[in-house]
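Reviewing the structure listed below.
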Amino acid sequence: MLKAEHITKTYNAGKKIALDDFSIHVPKASVYGLLGPNGAGKTSFIRIINQITQADSGEITINGQKLNPNHIKDIGYMPEERGLYKNMTVGDQLLYFGELKGMSKNDALTEAKKWFDKLHIDQWWKKKLSELSKGMAQKIQFVVTVLHRPHLLILDEPFSGFDPVNANLIKDQIIELKNNGTTIILSTHRMESVEEMCDYVALIDNSKKIIDGRVFDVREKFKKNIFGITLSEIDENNFADFKNKYELFNLLTANNLVSFDVKNNTSTNQNHIISDLIRVGKVRSFDEKIPSMNEVFINAVSNNSSL
């Protein structure tokens with residue numbers, strides 16, 4: 001859907017590098033997580049896609065066509081800093097923004113009413129934005145973003161200001177949009193949302209891409225050969241031998257169960273670990289620990305900063 005090739009962007013006459021040879025490929029009908037610390041370059045990239053600013057070099061294509069003003073109608077952008085008119089009624093704003101994106105008034109009205117029904121906000125049509133809470137205003141901003149049925153949807157911290165119930169409601173709508181063919185770029189610091197929603201991720205740090213790929217593959221890359229284990233009916237002598245052979249931590253005993261993590265520092269494969277465990281006790285659970293996206297984020301940025 002979107003290809004960015006070797007994008008470079010600088011400010012202050014080249015003194016500040018926002019993006020340095022940045023490239024990503026965003027597949028159609030996917031949720032693509034755009035991650036990174038504050039100031040890493042995410043917002044600069046989003047602004048380039050939206051043609052708010054231009055790259056110094058490199059190229060972006062959408063569906064094989066070089067990015068151009070005609071693509072604006074195909075893009076929906078929900079910025080982190082929201083941009084609605086506080087003294088304008090909700091209904092008038094939706095019709096206004098819909099027409100700005102090329103919709104007829106009737107089409108904008110029909111689509112708005114559909115979203116109002118989905119998000120349970122029918123009673124807000126004649127309210128001014130200033131009368132709404134932050135979370136309620138966030139819902140309106142979301143509707144404004146998706147109203148014109150964009151092919152590419154860019155969401156910058158879309159869950160900010162939402163309580164858990166409404167955050168889940170918006171998450172479900174985002175997934176439904178993806179399932180119906182919309183391509184979504186999601187910029188967020190909520191790593192649990194990345195794990196739940198994203199098919200792919202790219203991590204930017206200090207203007208450079210340091211990781212990209214499928215979420216599962218990225219998490220696999222950072223695993224540390226650690227297994228979580230729960231045993232019962234322990235043979236203490238064999239357990240002592242096991243502890244001498246392997247590195248154990250997070251050891252807990254409760255309700256006649258022993259739980260711990262083990263790090264395999266040898267060339268022994270996991271089948272041999274299980275064979276050793278069977279001599280220790282009855283194996284209740286044995287799971288390889290795959291790092292969370294939060295752990296991946298912290299480790300990748302920390303390692304990049306130390307280079």
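Residue numbering restarts at 1 for every chain of the structure tokens, chains are lettered A, B, ... in their displayed order, and ligands are numbered from 1 as they appear.
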(message) If you run DSSP on the backbone here, which positions in segment 22-182 of chain A get alpha helix (DSSP H)? Please write them as a ChimeraX atom specification.
(response) /A:42-49,90-100,105-118,134-146,164-179
Output of the above residues as a compact mmCIF listing (two decimals), in the first residue's frame, restricted to C-alpha atoms:
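File written: part.txt
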```txt
# COMPACT_ATOMS: atom_id res chain seq x y z
CA LYS A 42 7.69 9.49 13.78
CA THR A 43 5.75 12.75 13.52
CA SER A 44 8.07 14.06 10.79
CA PHE A 45 7.36 10.95 8.74
CA ILE A 46 3.60 11.23 9.27
CA ARG A 47 3.68 14.89 8.20
CA ILE A 48 5.53 13.95 5.02
CA ILE A 49 2.87 11.33 4.14
CA VAL A 90 -20.63 18.23 16.22
CA GLY A 91 -22.96 17.64 13.27
CA ASP A 92 -21.85 20.75 11.39
CA GLN A 93 -18.19 19.83 11.91
CA LEU A 94 -18.65 16.35 10.50
CA LEU A 95 -20.41 17.66 7.40
CA TYR A 96 -17.76 20.38 6.99
CA PHE A 97 -14.80 17.99 7.24
CA GLY A 98 -16.54 15.44 5.03
CA GLU A 99 -17.00 18.03 2.29
CA LEU A 100 -13.35 19.10 2.66
CA LYS A 105 -23.29 16.64 2.02
CA ASN A 106 -25.70 13.70 1.77
CA ASP A 107 -22.89 11.12 1.72
CA ALA A 108 -21.22 12.79 4.71
CA LEU A 109 -24.53 12.80 6.58
CA THR A 110 -25.21 9.12 5.83
CA GLU A 111 -21.70 8.05 6.85
CA ALA A 112 -21.73 10.19 10.00
CA LYS A 113 -25.03 8.70 11.17
CA LYS A 114 -23.63 5.20 10.60
CA TRP A 115 -20.65 5.98 12.84
CA PHE A 116 -22.80 7.68 15.46
CA ASP A 117 -24.83 4.49 15.72
CA LYS A 118 -21.70 2.31 15.96
CA LYS A 134 -12.14 14.91 26.41
CA GLY A 135 -13.06 11.28 25.77
CA MET A 136 -16.28 12.26 24.02
CA ALA A 137 -14.39 14.74 21.84
CA GLN A 138 -11.92 11.97 20.99
CA LYS A 139 -14.74 9.90 19.56
CA ILE A 140 -15.77 12.79 17.33
CA GLN A 141 -12.16 13.22 16.17
CA PHE A 142 -12.08 9.52 15.26
CA VAL A 143 -15.30 9.83 13.25
CA VAL A 144 -13.94 12.89 11.43
CA THR A 145 -10.84 10.85 10.52
CA VAL A 146 -12.68 7.83 9.08
CA PRO A 164 -10.78 1.24 29.02
CA VAL A 165 -14.32 0.62 27.75
CA ASN A 166 -14.13 3.26 25.01
CA ALA A 167 -10.53 2.33 24.17
CA ASN A 168 -11.73 -1.21 23.47
CA LEU A 169 -14.63 0.13 21.42
CA ILE A 170 -12.28 2.16 19.20
CA LYS A 171 -9.83 -0.76 18.98
CA ASP A 172 -12.62 -3.01 17.70
CA GLN A 173 -13.56 -0.42 15.07
CA ILE A 174 -9.93 -0.16 13.92
CA ILE A 175 -9.69 -3.94 13.54
CA GLU A 176 -12.99 -3.99 11.63
CA LEU A 177 -11.67 -1.31 9.27
CA LYS A 178 -8.55 -3.41 8.65
CA ASN A 179 -10.63 -6.52 8.00
```
(request) Determine which residues of segment 71-273 of chain A receive a DSSP assignment of strand (DSSP E), computed from the backbone, and state them as a ChimeraX atom specification. (result) /A:75-78,152-156,183-187,200-205,208-214,226-232,247-254,257-263
Print the selection's residues with N, CA and C atoms to a file, as a short mmCIF file (atom, residue, chain, number, x, y, z; two decimals), in the first residue's frame.
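The resulting part.cif:
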```cif
data_model
loop_
_atom_site.label_atom_id
_atom_site.label_comp_id
_atom_site.auth_asym_id
_atom_site.auth_seq_id
_atom_site.Cartn_x
_atom_site.Cartn_y
_atom_site.Cartn_z
N ILE A 75 -6.46 9.50 2.30
CA ILE A 75 -5.78 9.38 3.59
C ILE A 75 -6.64 9.98 4.69
N GLY A 76 -6.74 9.27 5.80
CA GLY A 76 -7.35 9.81 7.01
C GLY A 76 -6.29 9.95 8.07
N TYR A 77 -6.20 11.11 8.70
CA TYR A 77 -5.13 11.38 9.68
C TYR A 77 -5.74 11.88 10.98
N MET A 78 -5.47 11.15 12.05
CA MET A 78 -5.90 11.56 13.38
C MET A 78 -4.66 11.95 14.18
N LEU A 152 -6.01 4.68 3.38
CA LEU A 152 -4.88 4.69 4.31
C LEU A 152 -5.26 5.53 5.52
N LEU A 153 -5.20 4.93 6.68
CA LEU A 153 -5.60 5.59 7.93
C LEU A 153 -4.37 5.72 8.82
N ILE A 154 -4.07 6.95 9.24
CA ILE A 154 -2.91 7.20 10.10
C ILE A 154 -3.41 7.68 11.45
N LEU A 155 -3.13 6.92 12.49
CA LEU A 155 -3.64 7.21 13.83
C LEU A 155 -2.48 7.45 14.77
N ASP A 156 -2.41 8.66 15.31
CA ASP A 156 -1.33 9.04 16.23
C ASP A 156 -1.90 9.06 17.65
N THR A 183 -5.83 0.11 5.18
CA THR A 183 -4.45 0.00 5.66
C THR A 183 -4.25 1.05 6.75
N ILE A 184 -3.67 0.63 7.87
CA ILE A 184 -3.61 1.51 9.04
C ILE A 184 -2.17 1.62 9.55
N ILE A 185 -1.71 2.85 9.71
CA ILE A 185 -0.44 3.12 10.39
C ILE A 185 -0.78 3.62 11.78
N LEU A 186 -0.30 2.92 12.78
CA LEU A 186 -0.62 3.23 14.18
C LEU A 186 0.64 3.68 14.90
N SER A 187 0.64 4.92 15.36
CA SER A 187 1.75 5.44 16.16
C SER A 187 1.29 5.53 17.60
N TYR A 200 2.59 -5.67 11.74
CA TYR A 200 3.99 -5.31 11.49
C TYR A 200 4.36 -4.11 12.35
N VAL A 201 5.64 -3.93 12.58
CA VAL A 201 6.12 -2.76 13.30
C VAL A 201 7.43 -2.26 12.70
N ALA A 202 7.67 -0.98 12.88
CA ALA A 202 8.99 -0.39 12.65
C ALA A 202 9.30 0.47 13.86
N LEU A 203 10.52 0.38 14.34
CA LEU A 203 10.96 1.16 15.49
C LEU A 203 12.01 2.16 15.04
N ILE A 204 11.72 3.45 15.27
CA ILE A 204 12.65 4.53 14.93
C ILE A 204 13.30 5.04 16.20
N ASP A 205 14.60 5.28 16.14
CA ASP A 205 15.30 5.90 17.27
C ASP A 205 16.39 6.81 16.70
N LYS A 208 16.70 7.09 12.87
CA LYS A 208 16.98 5.90 12.06
C LYS A 208 16.05 4.76 12.43
N LYS A 209 15.72 3.95 11.43
CA LYS A 209 14.98 2.72 11.69
C LYS A 209 15.95 1.69 12.25
N ILE A 210 15.62 1.13 13.42
CA ILE A 210 16.51 0.14 14.01
C ILE A 210 15.89 -1.26 14.01
N ILE A 211 14.59 -1.36 13.81
CA ILE A 211 13.90 -2.65 13.75
C ILE A 211 12.72 -2.51 12.81
N ASP A 212 12.44 -3.54 12.03
CA ASP A 212 11.13 -3.64 11.39
C ASP A 212 10.85 -5.11 11.08
N GLY A 213 9.56 -5.41 10.86
CA GLY A 213 9.17 -6.78 10.54
C GLY A 213 7.84 -7.13 11.16
N ARG A 214 7.45 -8.39 11.00
CA ARG A 214 6.24 -8.87 11.65
C ARG A 214 6.42 -8.84 13.16
N ILE A 226 14.76 -18.32 27.64
CA ILE A 226 14.25 -18.47 29.00
C ILE A 226 12.92 -19.21 28.95
N PHE A 227 12.74 -20.13 29.89
CA PHE A 227 11.53 -20.94 29.95
C PHE A 227 10.87 -20.78 31.31
N GLY A 228 9.55 -20.67 31.31
CA GLY A 228 8.79 -20.64 32.56
C GLY A 228 8.26 -22.02 32.88
N ILE A 229 8.47 -22.47 34.11
CA ILE A 229 8.19 -23.87 34.48
C ILE A 229 7.42 -23.92 35.78
N THR A 230 6.47 -24.85 35.87
CA THR A 230 5.78 -25.16 37.12
C THR A 230 5.83 -26.66 37.34
N LEU A 231 6.24 -27.05 38.54
CA LEU A 231 6.36 -28.47 38.89
C LEU A 231 5.59 -28.78 40.17
N SER A 232 5.22 -30.06 40.32
CA SER A 232 4.68 -30.56 41.59
C SER A 232 5.40 -31.87 41.91
N GLU A 247 20.58 -22.21 35.21
CA GLU A 247 20.41 -20.93 35.92
C GLU A 247 18.92 -20.70 36.17
N LEU A 248 18.53 -20.71 37.49
CA LEU A 248 17.14 -20.53 37.87
C LEU A 248 16.92 -19.16 38.51
N PHE A 249 15.75 -18.57 38.28
CA PHE A 249 15.39 -17.33 38.97
C PHE A 249 13.87 -17.24 39.04
N ASN A 250 13.41 -16.26 39.85
CA ASN A 250 11.97 -16.10 40.10
C ASN A 250 11.35 -17.36 40.69
N LEU A 251 12.07 -17.96 41.63
CA LEU A 251 11.60 -19.21 42.23
C LEU A 251 10.51 -18.92 43.26
N LEU A 252 9.34 -19.58 43.11
CA LEU A 252 8.21 -19.41 44.02
C LEU A 252 7.64 -20.77 44.39
N THR A 253 7.24 -20.89 45.66
CA THR A 253 6.61 -22.13 46.13
C THR A 253 5.27 -21.78 46.76
N ALA A 254 4.21 -22.44 46.29
CA ALA A 254 2.87 -22.19 46.83
C ALA A 254 1.95 -23.33 46.46
N LEU A 257 3.15 -26.40 44.74
CA LEU A 257 3.70 -26.19 43.40
C LEU A 257 4.96 -25.34 43.49
N VAL A 258 5.91 -25.64 42.63
CA VAL A 258 7.13 -24.83 42.52
C VAL A 258 7.18 -24.25 41.12
N SER A 259 7.28 -22.91 41.06
CA SER A 259 7.35 -22.22 39.78
C SER A 259 8.66 -21.47 39.69
N PHE A 260 9.26 -21.44 38.53
CA PHE A 260 10.53 -20.73 38.35
C PHE A 260 10.78 -20.53 36.86
N ASP A 261 11.71 -19.62 36.57
CA ASP A 261 12.20 -19.44 35.21
C ASP A 261 13.58 -20.06 35.13
N VAL A 262 13.90 -20.62 33.98
CA VAL A 262 15.22 -21.21 33.80
C VAL A 262 15.81 -20.66 32.51
N LYS A 263 17.08 -20.27 32.60
CA LYS A 263 17.80 -19.79 31.42
C LYS A 263 18.75 -20.88 30.98
#
```
(message) I'd like the interatomic distance between atom CA of Asn63 of chain A and atom CA of Met1 of chain A, to a tenth of an Å.
(response) 4.9 Å
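The closest residue to Gly33 of chain A, picked from A:Arg190, A:Lys16, A:Arg219, A:Lys245 and counting only C-alpha atoms, is A:Arg190.
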(request) Could you check how far atom CA of Gln51 of chain A sits from atom CA of His151 of chain A, in Å to one decimal? (result) 16.2 Å
(message) So, with only C-alpha atoms as the atoms that count, which of A:Lys86, A:Glu288, A:Thr53, A:Phe162 lies closest to Lys128 of chain A?
(response) A:Lys86
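Closest approach to Pro158 of chain A among A:Asp122, A:Glu80, A:Asp74, A:Asp287 is made by A:Glu80 (distances from only C-alpha atoms).
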(request) Give me, please, the distance in Å between atom CA of Gly64 of chain A and atom CA of Ala29 of chain A, quoted to one decimal. (result) 15.4 Å
(request) Point out the residue among A:Glu5, A:Ser207, A:Val31, A:Ile17 with the least atom-to-atom distance to Leu67 of chain A, counting only C-alpha atoms. (result) A:Glu5
(message) Which residues are close to Phe239 of chain A, i.e. within 9 Å by only C-alpha atoms, leaving aside same-chain residues fewer than 2 positions away? Reply as JSON, numbers by chain.
(response) {"A": [234, 235, 236, 237, 241, 242, 243, 244, 277, 279, 280, 281]}
